[in-house]
$ cat run_29.txt   # compact mmCIF, C-alpha atoms
# COMPACT_ATOMS: atom_id res chain seq x y z
CA MET A 1 -12.12 38.08 -6.95
CA ALA A 2 -8.55 36.87 -6.96
CA ARG A 3 -7.55 34.46 -4.20
CA ILE A 4 -4.48 32.73 -2.88
CA SER A 5 -5.10 29.00 -3.05
CA ALA A 6 -1.79 27.47 -2.05
CA GLY A 7 1.79 28.08 -1.02
CA VAL A 8 4.91 26.36 -2.27
CA ALA A 9 8.36 26.61 -0.75
CA THR A 10 11.58 25.30 -2.18
CA SER A 11 15.32 25.85 -2.07
CA HIS A 12 16.78 27.43 -5.21
CA VAL A 13 20.36 26.14 -5.55
CA PRO A 14 22.06 27.16 -8.85
CA ALA A 15 23.52 23.67 -9.33
CA ILE A 16 19.95 22.33 -9.58
CA GLY A 17 19.37 24.66 -12.52
CA ALA A 18 22.63 23.51 -14.11
CA ALA A 19 21.60 19.84 -13.67
CA ILE A 20 18.29 20.54 -15.44
CA ASP A 21 19.84 22.66 -18.20
CA ASN A 22 22.55 20.07 -18.90
CA GLY A 23 20.26 17.02 -18.86
CA ARG A 24 21.79 15.47 -15.74
CA THR A 25 18.66 14.98 -13.64
CA ALA A 26 18.78 11.17 -14.00
CA GLU A 27 22.32 10.87 -12.64
CA ASP A 28 22.73 9.05 -9.33
CA TYR A 29 23.66 12.26 -7.56
CA TRP A 30 20.58 14.16 -8.68
CA ARG A 31 17.89 11.47 -9.03
CA PRO A 32 16.83 11.48 -5.33
CA LEU A 33 16.45 15.24 -5.41
CA PHE A 34 14.26 15.38 -8.50
CA ALA A 35 12.19 12.45 -7.20
CA GLY A 36 11.14 14.79 -4.40
CA TYR A 37 9.45 17.05 -6.94
CA GLU A 38 7.54 14.42 -8.93
CA PHE A 39 4.43 14.84 -6.81
CA SER A 40 4.71 18.60 -7.15
CA ARG A 41 4.92 18.53 -10.94
CA ARG A 42 1.74 16.41 -11.10
CA TRP A 43 -0.01 18.53 -8.49
CA ILE A 44 0.64 21.86 -10.17
CA ARG A 45 -0.71 20.58 -13.50
CA GLU A 46 -4.02 20.04 -11.68
CA ALA A 47 -3.83 23.15 -9.52
CA ARG A 48 -3.36 25.37 -12.59
CA PRO A 49 -2.42 28.69 -10.98
CA ASP A 50 -2.89 31.80 -13.11
CA VAL A 51 -0.30 33.81 -11.22
CA VAL A 52 2.53 33.00 -8.84
CA ILE A 53 3.82 35.64 -6.44
CA LEU A 54 7.39 34.38 -6.29
CA VAL A 55 9.29 35.50 -3.21
CA TYR A 56 13.00 35.10 -3.86
CA ASN A 57 16.28 36.86 -3.42
CA ASP A 58 18.43 38.37 -6.07
CA HIS A 59 22.05 37.13 -5.83
CA ALA A 60 23.84 40.30 -6.89
CA SER A 61 22.37 40.01 -10.39
CA ALA A 62 19.76 42.75 -10.75
CA PHE A 63 20.80 44.59 -7.60
CA GLY A 64 24.47 45.27 -6.98
CA LEU A 65 25.57 47.54 -4.17
CA ASP A 66 24.30 50.76 -5.78
CA VAL A 67 20.73 50.11 -4.70
CA VAL A 68 19.72 47.43 -2.19
CA PRO A 69 15.95 47.36 -1.70
CA THR A 70 14.76 45.39 1.31
CA PHE A 71 11.56 44.42 -0.52
CA ALA A 72 11.08 44.98 -4.27
CA ILE A 73 8.15 44.01 -6.50
CA GLY A 74 8.48 43.46 -10.24
CA CYS A 75 5.75 45.35 -12.08
CA ALA A 76 7.07 44.83 -15.62
CA PRO A 77 5.27 42.83 -18.36
CA SER A 78 8.23 40.44 -18.58
CA PHE A 79 11.54 39.57 -16.94
CA GLU A 80 14.64 38.26 -18.75
CA PRO A 81 16.82 35.49 -17.27
CA ALA A 82 19.98 37.12 -15.87
CA ASP A 83 23.55 36.44 -16.98
CA GLU A 84 25.16 35.38 -13.70
CA GLY A 85 28.61 34.99 -15.17
CA TRP A 86 28.17 31.95 -17.39
CA GLY A 87 25.49 33.32 -19.73
CA PRO A 88 21.74 33.38 -19.00
CA ARG A 89 20.02 30.07 -18.20
CA PRO A 90 18.34 28.70 -21.34
CA VAL A 91 14.84 29.13 -19.95
CA ALA A 92 11.78 30.98 -21.19
CA VAL A 93 11.36 34.67 -20.50
CA VAL A 94 9.20 35.12 -17.39
CA GLN A 95 5.86 36.81 -18.07
CA GLY A 96 4.67 39.17 -15.37
CA HIS A 97 1.27 40.41 -14.34
CA PRO A 98 1.75 44.19 -14.19
CA GLU A 99 -1.87 44.96 -13.30
CA LEU A 100 -1.97 42.69 -10.26
CA ALA A 101 1.58 43.63 -9.28
CA SER A 102 0.76 47.33 -9.35
CA HIS A 103 -2.44 46.70 -7.42
CA ILE A 104 -0.47 44.81 -4.78
CA ALA A 105 2.08 47.62 -4.54
CA GLN A 106 -0.60 50.27 -4.17
CA SER A 107 -2.40 48.21 -1.56
CA VAL A 108 0.48 47.14 0.68
CA ILE A 109 2.33 50.46 0.51
CA GLN A 110 -0.73 52.11 1.94
CA GLU A 111 -0.68 49.44 4.65
CA ASP A 112 2.84 50.61 5.62
CA PHE A 113 4.90 48.03 3.66
CA ASP A 114 7.12 50.29 1.58
CA LEU A 115 7.92 48.09 -1.41
CA THR A 116 10.38 49.29 -4.02
CA ILE A 117 8.73 49.22 -7.45
CA VAL A 118 10.86 47.79 -10.25
CA HIS A 119 10.10 48.04 -13.95
CA ARG A 120 13.25 46.41 -15.19
CA LEU A 121 14.40 43.27 -13.45
CA ASP A 122 16.54 40.46 -14.81
CA VAL A 123 15.76 37.36 -12.77
CA ASP A 124 18.48 34.96 -11.63
CA HIS A 125 18.52 31.36 -10.44
CA GLY A 126 16.71 32.38 -7.27
CA LEU A 127 13.55 32.81 -9.33
CA THR A 128 14.07 30.52 -12.33
CA VAL A 129 15.24 27.37 -10.51
CA PRO A 130 11.95 27.06 -8.55
CA LEU A 131 10.04 27.49 -11.84
CA SER A 132 12.13 24.74 -13.44
CA LEU A 133 11.61 22.43 -10.46
CA MET A 134 7.85 22.84 -10.64
CA PHE A 135 7.29 23.08 -14.41
CA GLY A 136 10.29 21.42 -16.08
CA GLN A 137 11.58 22.92 -19.33
CA PRO A 138 8.55 24.27 -21.23
CA GLN A 139 8.89 26.59 -24.24
CA ARG A 140 6.92 29.11 -22.25
CA TRP A 141 6.10 29.13 -18.55
CA PRO A 142 2.45 28.14 -18.00
CA VAL A 143 1.95 30.85 -15.40
CA ARG A 144 2.44 34.56 -14.93
CA VAL A 145 4.90 35.52 -12.23
CA ILE A 146 5.15 38.51 -9.93
CA PRO A 147 8.71 38.62 -8.61
CA LEU A 148 9.00 39.78 -5.03
CA ALA A 149 12.67 40.22 -4.19
CA VAL A 150 13.83 40.26 -0.57
CA ASN A 151 17.29 41.44 0.42
CA VAL A 152 19.03 38.62 2.28
CA VAL A 153 22.52 39.39 0.96
CA LEU A 154 23.43 42.63 2.74
CA TYR A 155 22.89 42.24 6.48
CA PRO A 156 20.38 42.75 7.95
CA PRO A 157 17.57 41.14 5.98
CA PRO A 158 14.06 42.07 7.11
CA SER A 159 13.00 40.27 10.28
CA GLY A 160 11.02 37.06 10.12
CA ARG A 161 8.16 38.92 11.76
CA ARG A 162 8.18 41.59 9.06
CA CYS A 163 8.18 38.95 6.32
CA PHE A 164 5.30 37.11 7.97
CA GLU A 165 3.25 40.30 8.27
CA LEU A 166 4.02 41.25 4.67
CA GLY A 167 2.57 37.89 3.62
CA LYS A 168 -0.68 38.76 5.37
CA ALA A 169 -0.81 42.15 3.63
CA LEU A 170 -0.15 40.48 0.25
CA ARG A 171 -3.12 38.23 0.83
CA ARG A 172 -5.42 41.17 1.59
CA ALA A 173 -4.15 42.89 -1.55
CA VAL A 174 -4.79 39.86 -3.75
CA GLU A 175 -8.28 39.41 -2.33
CA SER A 176 -9.18 42.99 -3.22
CA PHE A 177 -8.30 42.49 -6.91
CA ASP A 178 -11.45 42.25 -9.02
CA GLU A 179 -10.39 39.74 -11.64
CA ASP A 180 -10.95 36.05 -10.88
CA LEU A 181 -7.45 34.70 -10.55
CA ASN A 182 -6.04 31.59 -8.94
CA VAL A 183 -2.91 32.89 -7.24
CA GLN A 184 -0.19 30.90 -5.53
CA ILE A 185 2.56 32.28 -3.37
CA TRP A 186 5.98 30.68 -3.35
CA GLY A 187 8.78 31.16 -0.84
CA THR A 188 12.27 30.15 -1.92
CA GLY A 189 15.83 29.81 -0.65
CA GLY A 190 17.36 27.93 2.27
CA MET A 191 17.50 25.60 3.97
CA SER A 192 20.68 25.35 6.05
CA HIS A 193 23.80 26.20 4.08
CA GLN A 194 26.93 28.27 4.34
CA LEU A 195 28.93 29.23 1.26
CA GLN A 196 31.92 30.93 2.85
CA GLY A 197 34.96 30.38 5.01
CA ALA A 198 35.89 27.50 7.26
CA ARG A 199 32.25 26.71 8.12
CA ALA A 200 31.28 26.21 4.45
CA GLY A 201 29.25 23.05 4.03
CA LEU A 202 27.34 23.49 7.28
CA ILE A 203 24.09 21.54 7.34
CA ASN A 204 21.70 21.30 10.29
CA ARG A 205 19.15 18.63 9.54
CA ASP A 206 17.52 18.65 13.00
CA TRP A 207 17.14 22.40 13.12
CA ASP A 208 15.81 22.54 9.55
CA ASN A 209 13.14 19.96 10.29
CA ARG A 210 12.08 21.55 13.56
CA TRP A 211 11.84 24.84 11.69
CA LEU A 212 9.64 23.20 9.02
CA ASP A 213 7.38 21.69 11.70
CA GLY A 214 6.98 25.12 13.22
CA LEU A 215 6.47 26.93 9.93
CA ILE A 216 3.54 24.65 9.18
CA ALA A 217 1.89 24.42 12.60
CA ASP A 218 3.03 27.44 14.60
CA PRO A 219 4.35 30.13 12.25
CA ASP A 220 3.90 32.85 14.89
CA SER A 221 6.75 31.43 16.94
CA ILE A 222 8.92 30.79 13.88
CA ALA A 223 8.43 34.45 12.92
CA ARG A 224 10.05 35.45 16.23
CA ILE A 225 13.36 33.64 15.59
CA PRO A 226 16.12 36.27 15.57
CA HIS A 227 18.63 36.54 12.73
CA LEU A 228 21.45 35.41 15.01
CA GLU A 229 19.86 31.97 15.41
CA TYR A 230 19.63 31.50 11.63
CA LEU A 231 23.28 32.48 11.24
CA ARG A 232 24.49 30.16 13.99
CA GLU A 233 22.24 27.18 13.33
CA ALA A 234 21.51 27.30 9.60
CA GLY A 235 24.67 29.00 8.30
CA SER A 236 25.28 32.47 6.94
CA GLU A 237 23.18 31.77 3.83
CA GLY A 238 20.49 29.83 5.72
CA ILE A 239 18.98 33.18 6.67
CA GLU A 240 17.26 33.07 3.26
CA LEU A 241 14.58 31.10 5.11
CA VAL A 242 12.90 34.32 6.27
CA MET A 243 11.46 34.44 2.74
CA TRP A 244 9.40 31.33 3.43
CA LEU A 245 7.61 33.33 6.11
CA VAL A 246 6.19 35.71 3.48
CA MET A 247 4.61 32.68 1.83
CA ARG A 248 3.31 31.33 5.14
CA GLY A 249 1.83 34.68 6.17
CA ALA A 250 -0.27 34.77 3.01
CA LEU A 251 -1.97 31.46 3.90
CA ASP A 252 -4.58 30.51 6.49
CA PRO A 253 -3.39 30.05 10.09
CA ARG A 254 -4.21 26.36 9.65
CA VAL A 255 -3.14 24.70 6.46
CA GLU A 256 -3.03 21.24 4.98
CA THR A 257 0.42 19.90 4.11
CA LEU A 258 0.12 18.28 0.69
CA HIS A 259 3.79 17.50 0.30
CA ARG A 260 6.98 17.72 2.33
CA PHE A 261 10.47 16.79 1.18
CA TYR A 262 13.95 17.22 2.62
CA HIS A 263 17.21 16.18 0.99
CA VAL A 264 20.93 16.62 1.61
CA PRO A 265 22.91 17.61 -0.37
CA ALA A 266 22.39 19.69 -3.48
CA SER A 267 25.90 20.96 -3.92
CA ASN A 268 26.43 22.81 -0.58
CA THR A 269 22.83 23.03 0.49
CA ALA A 270 20.05 21.25 2.36
CA VAL A 271 17.01 21.25 0.09
CA GLY A 272 13.58 21.65 1.63
CA HIS A 273 10.29 21.66 -0.24
CA ILE A 274 6.72 21.90 0.99
CA ILE A 275 3.31 22.47 -0.52
CA LEU A 276 0.65 23.94 1.74
CA GLU A 277 -2.98 24.46 0.86
CA ASN A 278 -5.60 26.63 2.47
CA THR A 279 -8.31 24.39 3.88
CA ALA A 280 -11.17 26.88 4.06
CA MET U 1 27.34 54.34 18.33
CA ALA U 2 29.03 51.47 16.50
CA LEU U 3 26.97 48.84 14.71
CA ASP U 4 25.86 46.07 17.01
CA LYS U 5 27.47 42.88 15.74
CA PRO U 6 26.36 39.95 17.90
CA TYR U 7 27.36 37.63 15.04
CA ARG U 8 31.07 38.33 15.35
CA ASP U 9 31.71 35.30 17.56
CA ILE U 10 30.57 32.81 14.89
CA PRO U 11 33.74 31.06 13.73
CA GLY U 12 34.80 30.98 10.08
CA THR U 13 32.06 33.41 9.13
CA VAL U 14 32.11 37.00 7.91
CA ILE U 15 28.67 38.59 7.86
CA PHE U 16 28.31 40.93 4.91
CA ASP U 17 27.17 43.99 6.83
CA ALA U 18 27.35 47.72 6.18
CA ASP U 19 31.05 47.97 7.12
CA GLN U 20 31.98 45.06 4.85
CA ALA U 21 29.86 46.47 2.02
CA ARG U 22 31.59 49.83 2.28
CA ALA U 23 35.07 48.25 2.27
CA GLY U 24 34.14 45.97 -0.59
CA TYR U 25 32.11 48.30 -2.78
CA TYR U 26 34.47 48.40 -5.77
CA LEU U 27 35.53 44.78 -5.40
CA ASN U 28 31.89 43.73 -5.57
CA GLN U 29 31.01 46.12 -8.38
CA PHE U 30 33.98 44.78 -10.35
CA CYS U 31 32.43 41.33 -9.92
CA MET U 32 29.10 42.62 -11.24
CA SER U 33 30.85 43.81 -14.40
CA LEU U 34 31.62 40.16 -15.21
CA MET U 35 27.94 39.58 -15.94
CA ASN U 36 28.71 40.90 -19.41
CA ALA U 37 30.31 38.50 -21.92
CA GLY U 38 32.51 41.23 -23.42
CA ASN U 39 33.87 42.18 -20.01
CA ARG U 40 34.52 38.52 -19.18
CA ALA U 41 36.57 38.18 -22.35
CA ARG U 42 38.61 41.30 -21.55
CA PHE U 43 39.18 40.13 -17.97
CA LYS U 44 40.32 36.69 -19.11
CA SER U 45 42.69 38.06 -21.72
CA ASP U 46 44.46 40.40 -19.25
CA GLU U 47 43.37 40.13 -15.64
CA ARG U 48 45.78 42.68 -14.21
CA THR U 49 44.82 45.39 -16.67
CA TYR U 50 41.12 44.78 -16.21
CA VAL U 51 41.36 44.71 -12.42
CA GLY U 52 43.56 47.81 -12.57
CA GLU U 53 40.69 49.79 -14.04
CA TRP U 54 38.82 49.50 -10.75
CA PRO U 55 39.64 51.65 -7.71
CA MET U 56 40.17 48.64 -5.47
CA THR U 57 42.94 48.38 -2.90
CA ASP U 58 46.10 46.59 -3.97
CA ALA U 59 45.26 43.81 -1.51
CA GLN U 60 41.83 43.34 -3.09
CA LYS U 61 43.31 43.25 -6.59
CA GLN U 62 45.91 40.68 -5.55
CA ALA U 63 43.28 38.53 -3.84
CA VAL U 64 41.29 38.50 -7.10
CA ILE U 65 44.35 37.52 -9.14
CA ASP U 66 45.18 34.82 -6.56
CA ARG U 67 41.54 33.62 -6.43
CA ASP U 68 41.91 33.80 -2.64
CA TYR U 69 38.22 33.80 -1.76
CA ASN U 70 38.70 33.89 2.02
CA LYS U 71 40.87 36.97 1.58
CA MET U 72 38.36 38.60 -0.79
CA ILE U 73 35.61 38.02 1.77
CA ALA U 74 37.77 39.44 4.58
CA LEU U 75 38.34 42.52 2.41
CA GLY U 76 34.65 43.17 1.84
CA GLY U 77 33.69 40.74 -0.91
CA ASN U 78 30.40 38.87 -0.73
CA ILE U 79 30.11 35.35 -2.04
CA TYR U 80 27.21 36.10 -4.41
CA PHE U 81 29.25 38.85 -6.03
CA LEU U 82 32.42 36.74 -6.02
CA ALA U 83 30.42 34.01 -7.77
CA LYS U 84 30.78 36.07 -10.94
CA ILE U 85 34.56 35.48 -10.80
CA PHE U 86 34.39 31.72 -10.39
CA SER U 87 31.55 31.46 -12.91
CA THR U 88 33.80 33.27 -15.36
CA ASP U 89 36.42 30.63 -14.52
CA GLY U 90 33.87 27.88 -15.17
CA LYS U 91 33.99 26.79 -11.51
CA SER U 92 31.10 25.85 -9.24
CA PHE U 93 30.07 27.00 -5.77
CA GLN U 94 31.15 23.61 -4.51
CA HIS U 95 34.62 24.00 -5.98
CA VAL U 96 35.06 27.33 -4.23
CA ALA U 97 33.49 26.16 -0.97
CA ALA U 98 36.01 23.33 -0.83
CA LEU U 99 38.81 25.78 -1.56
CA MET U 100 37.74 28.06 1.29
CA THR U 101 37.69 25.21 3.81
CA GLY U 102 41.13 23.96 2.74
CA MET U 103 39.71 20.57 1.79
CA THR U 104 40.15 18.84 -1.54
CA GLU U 105 37.07 19.02 -3.74
CA GLU U 106 36.68 15.23 -3.43
CA ASP U 107 36.82 15.26 0.38
CA TYR U 108 34.42 18.19 0.53
CA ALA U 109 31.95 16.50 -1.84
CA ARG U 110 32.17 13.32 0.26
CA MET U 111 31.46 15.31 3.44
CA MET U 112 28.38 16.83 1.80
CA LEU U 113 27.13 13.41 0.66
CA LYS U 114 27.44 12.23 4.26
CA GLY U 115 25.15 15.02 5.42
CA GLY U 116 27.42 18.05 5.51
CA ARG U 117 29.33 19.76 8.29
CA THR U 118 27.70 19.61 11.71
CA PRO U 119 27.30 22.93 13.51
CA ASP U 120 28.35 21.22 16.78
CA GLY U 121 31.39 23.04 18.09
CA LEU U 122 31.06 25.75 15.43
CA ARG U 123 28.29 27.90 16.88
CA ASN U 124 30.62 30.35 18.55
CA ARG U 125 34.27 30.85 19.17
CA SER U 126 34.49 29.89 22.83
CA PRO U 127 35.61 26.32 23.53
CA GLU U 128 32.46 25.65 25.58
CA GLU U 129 29.44 26.67 23.59
CA LYS U 130 27.46 29.22 25.50
CA ASP U 131 24.06 28.69 23.92

$ encode --input "run_29.txt" --output "structure tokens"
Amino acid sequence: MARISAGVATSHVPAIGAAIDNGRTAEDYWRPLFAGYEFSRRWIREARPDVVILVYNDHASAFGLDVVPTFAIGCAPSFEPADEGWGPRPVAVVQGHPELASHIAQSVIQEDFDLTIVHRLDVDHGLTVPLSLMFGQPQRWPVRVIPLAVNVVLYPPPSGRRCFELGKALRRAVESFDEDLNVQIWGTGGMSHQLQGARAGLINRDWDNRWLDGLIADPDSIARIPHLEYLREAGSEGIELVMWLVMRGALDPRVETLHRFYHVPASNTAVGHIILENTA
Amino acid sequence: MALDKPYRDIPGTVIFDADQARAGYYLNQFCMSLMNAGNRARFKSDERTYVGEWPMTDAQKQAVIDRDYNKMIALGGNIYFLAKIFSTDGKSFQHVAALMTGMTEEDYARMMLKGGRTPDGLRNRSPEEKD
């Protein structure tokens, strides 16, 4: 039987990808950020997941305005890095797991979560930067990845509650897959940041850390936070945090926190990173 | 019934909702076209001609030529789409964020290093915050 063993959450700032791709991780500006992932890089070598369900948002790369799926699952055998305007990131092609992805789609759709099924999906920094943070720059990624894209660009994104419940349904789907697979679920994006207008540069360290406390210990209440609070307190792009609730919903109600890191700034953004493990 | 927009009182913030997406459809799709190296080259060699091929409003076209990101957002652009323009220019999100706030890039970067912009006083438009 497949099982979800752990959850990882991290911000996915494009400048982090550029720092990695251009060999600038040891610079004074970036060193404190990458130090926050040293534990994680060691941990994941030991944890050895077979598959990562990677919850992320597309930044107008695969999905323009013609089609905007609220939730979309990548069922293809592989996913190419997207050209976001400066050429694709020089990272390995992402290998999917079409059998598990299709099983998940069939399972959760029949549990009322109407995922959009995607067979061609170029993946942007939202998906590849978390992989780079956790695995570095390998010739090939040591894990298969099921992209799960959440619309957080065109308002409104799905509610935190809906994301949390989807996480629970994903877990049931994984646990009904026959093959023995060690599956992790990752939530990405956030934390507080705003990339537009006079409020650009907004960071809310206190709110972010209270939100993290709650996500770990009391996710039911975090799932009830309305969109308006994210917009006001965490900035117009901070609403990406609802994606972390998909990850949290797929884990046990009580989890062990293996790692927690918070850093300001990465470009315009507060970076948060946690690793949670099921204890049972 | 009109869309409920409780977020309209957040200062300096345009939420990319259905009305904005409708107004900005061609502006944003133009941006998507810059994900292709050939299109980027054509755009760079003659911006007005390239922009002219899209059924945008004159104001949207001018805002693109002027790289007036606040104006593009007001006219229906979304920052993740607009990112294709400044990526084509070889500029970063931080460069454009500074531009939109009217700060120099150095001052903006310094503000971020000091922990960013506090939301205090910026949660809503009224002088006394209601929440």

$ interface_residues --input "run_29.txt" --of "chain U" --to "chain A" --cutoff "9 Å" --atoms "all atoms listed in the file" --output "PyMOL selection string"
chain U and resi 6-7+10-18+21+25+28-29+32+34-37+40+69-70+73+78-81+83-90+92-94+96-102+108-109+111-119+122-124

$ write_last_selection --input "run_29.txt" --atoms "C-alpha atoms" --output "tab-separated table (two decimals), in the coordinates of the input"
chain	number	residue	atom	x	y	z
U	6	PRO	CA	26.36	39.95	17.90
U	7	TYR	CA	27.36	37.63	15.04
U	10	ILE	CA	30.57	32.81	14.89
U	11	PRO	CA	33.74	31.06	13.73
U	12	GLY	CA	34.80	30.98	10.08
U	13	THR	CA	32.06	33.41	9.13
U	14	VAL	CA	32.11	37.00	7.91
U	15	ILE	CA	28.67	38.59	7.86
U	16	PHE	CA	28.31	40.93	4.91
U	17	ASP	CA	27.17	43.99	6.83
U	18	ALA	CA	27.35	47.72	6.18
U	21	ALA	CA	29.86	46.47	2.02
U	25	TYR	CA	32.11	48.30	-2.78
U	28	ASN	CA	31.89	43.73	-5.57
U	29	GLN	CA	31.01	46.12	-8.38
U	32	MET	CA	29.10	42.62	-11.24
U	34	LEU	CA	31.62	40.16	-15.21
U	35	MET	CA	27.94	39.58	-15.94
U	36	ASN	CA	28.71	40.90	-19.41
U	37	ALA	CA	30.31	38.50	-21.92
U	40	ARG	CA	34.52	38.52	-19.18
U	69	TYR	CA	38.22	33.80	-1.76
U	70	ASN	CA	38.70	33.89	2.02
U	73	ILE	CA	35.61	38.02	1.77
U	78	ASN	CA	30.40	38.87	-0.73
U	79	ILE	CA	30.11	35.35	-2.04
U	80	TYR	CA	27.21	36.10	-4.41
U	81	PHE	CA	29.25	38.85	-6.03
U	83	ALA	CA	30.42	34.01	-7.77
U	84	LYS	CA	30.78	36.07	-10.94
U	85	ILE	CA	34.56	35.48	-10.80
U	86	PHE	CA	34.39	31.72	-10.39
U	87	SER	CA	31.55	31.46	-12.91
U	88	THR	CA	33.80	33.27	-15.36
U	89	ASP	CA	36.42	30.63	-14.52
U	90	GLY	CA	33.87	27.88	-15.17
U	92	SER	CA	31.10	25.85	-9.24
U	93	PHE	CA	30.07	27.00	-5.77
U	94	GLN	CA	31.15	23.61	-4.51
U	96	VAL	CA	35.06	27.33	-4.23
U	97	ALA	CA	33.49	26.16	-0.97
U	98	ALA	CA	36.01	23.33	-0.83
U	99	LEU	CA	38.81	25.78	-1.56
U	100	MET	CA	37.74	28.06	1.29
U	101	THR	CA	37.69	25.21	3.81
U	102	GLY	CA	41.13	23.96	2.74
U	108	TYR	CA	34.42	18.19	0.53
U	109	ALA	CA	31.95	16.50	-1.84
U	111	MET	CA	31.46	15.31	3.44
U	112	MET	CA	28.38	16.83	1.80
U	113	LEU	CA	27.13	13.41	0.66
U	114	LYS	CA	27.44	12.23	4.26
U	115	GLY	CA	25.15	15.02	5.42
U	116	GLY	CA	27.42	18.05	5.51
U	117	ARG	CA	29.33	19.76	8.29
U	118	THR	CA	27.70	19.61	11.71
U	119	PRO	CA	27.30	22.93	13.51
U	122	LEU	CA	31.06	25.75	15.43
U	123	ARG	CA	28.29	27.90	16.88
U	124	ASN	CA	30.62	30.35	18.55

$ residues_around --input "run_29.txt" --residues "Thr279 in chain A" --least-positions-apart "4" --cutoff "10 Å" --atoms "all atoms listed in the file" --output "list in words"
Ser5, Ala6, Leu251, Asp252, Pro253, Arg254, Val255, Glu256 and Thr257 of chain A

$ atom_distance --input "run_29.txt" --atom1 "CA of Leu54 in chain A" --atom2 "CA of Ala35 in chain A"
22.5 Å

$ atom_distance --input "run_29.txt" --atom1 "CA of Glu46 in chain A" --atom2 "CA of Ala250 in chain A"
21.1 Å

$ residues_around --input "run_29.txt" --residues "Ala19 in chain A" --least-positions-apart "5" --cutoff "8 Å" --atoms "all atoms listed in the file" --output "list in words"
Arg24, Thr25 and Trp30 of chain A

$ atom_distance --input "run_29.txt" --atom1 "CA of Glu240 in chain A" --atom2 "CA of Met191 in chain A"
7.5 Å

$ residues_around --input "run_29.txt" --residues "range 130-146 of chain A" --least-positions-apart "2" --cutoff "8 Å" --atoms "only C-alpha atoms" --output "number ranges by chain"
A: 10-12, 17, 20, 34, 37, 40-41, 44, 49-54, 73-75, 91-98, 101, 126-128, 148, 188

$ residues_near_point --input "run_29.txt" --point "(5.8, 46.2, 1.7)" --cutoff "10 Å" --atoms "only C-alpha atoms" --output "list in words"
Thr70, Phe71, Ala72, Ile73, Ile104, Ala105, Gln106, Ser107, Val108, Ile109, Gln110, Glu111, Asp112, Phe113, Asp114, Leu115, Thr116, Leu148, Arg162, Cys163, Glu165, Leu166, Gly167, Ala169 and Leu170 of chain A

$ closest_residue --input "run_29.txt" --among "U:Lys5, U:Asp58, U:Gly24, U:Asp107" --to "His95 in chain U" --atoms "all atoms listed in the file"
U:Asp107

$ closest_residue --input "run_29.txt" --among "U:Arg125, U:Leu3, U:Ser45, U:Gly77" --to "Ala59 in chain U" --atoms "all atoms listed in the file"
U:Gly77

$ axis_aligned_box --input "run_29.txt" --around "range 70-77 of chain U" --padding-each-side "6 Å" --output "lines of an AutoDock Vina configuration file"
center_x = 37.3
center_y = 38.5
center_z = 1.8
size_x = 19.2
size_y = 21.3
size_z = 17.5

$ closest_residue --input "run_29.txt" --among "A:Leu33, A:Met247, A:Leu241, A:Ala18" --to "Asn278 in chain A" --atoms "all atoms listed in the file"
A:Met247
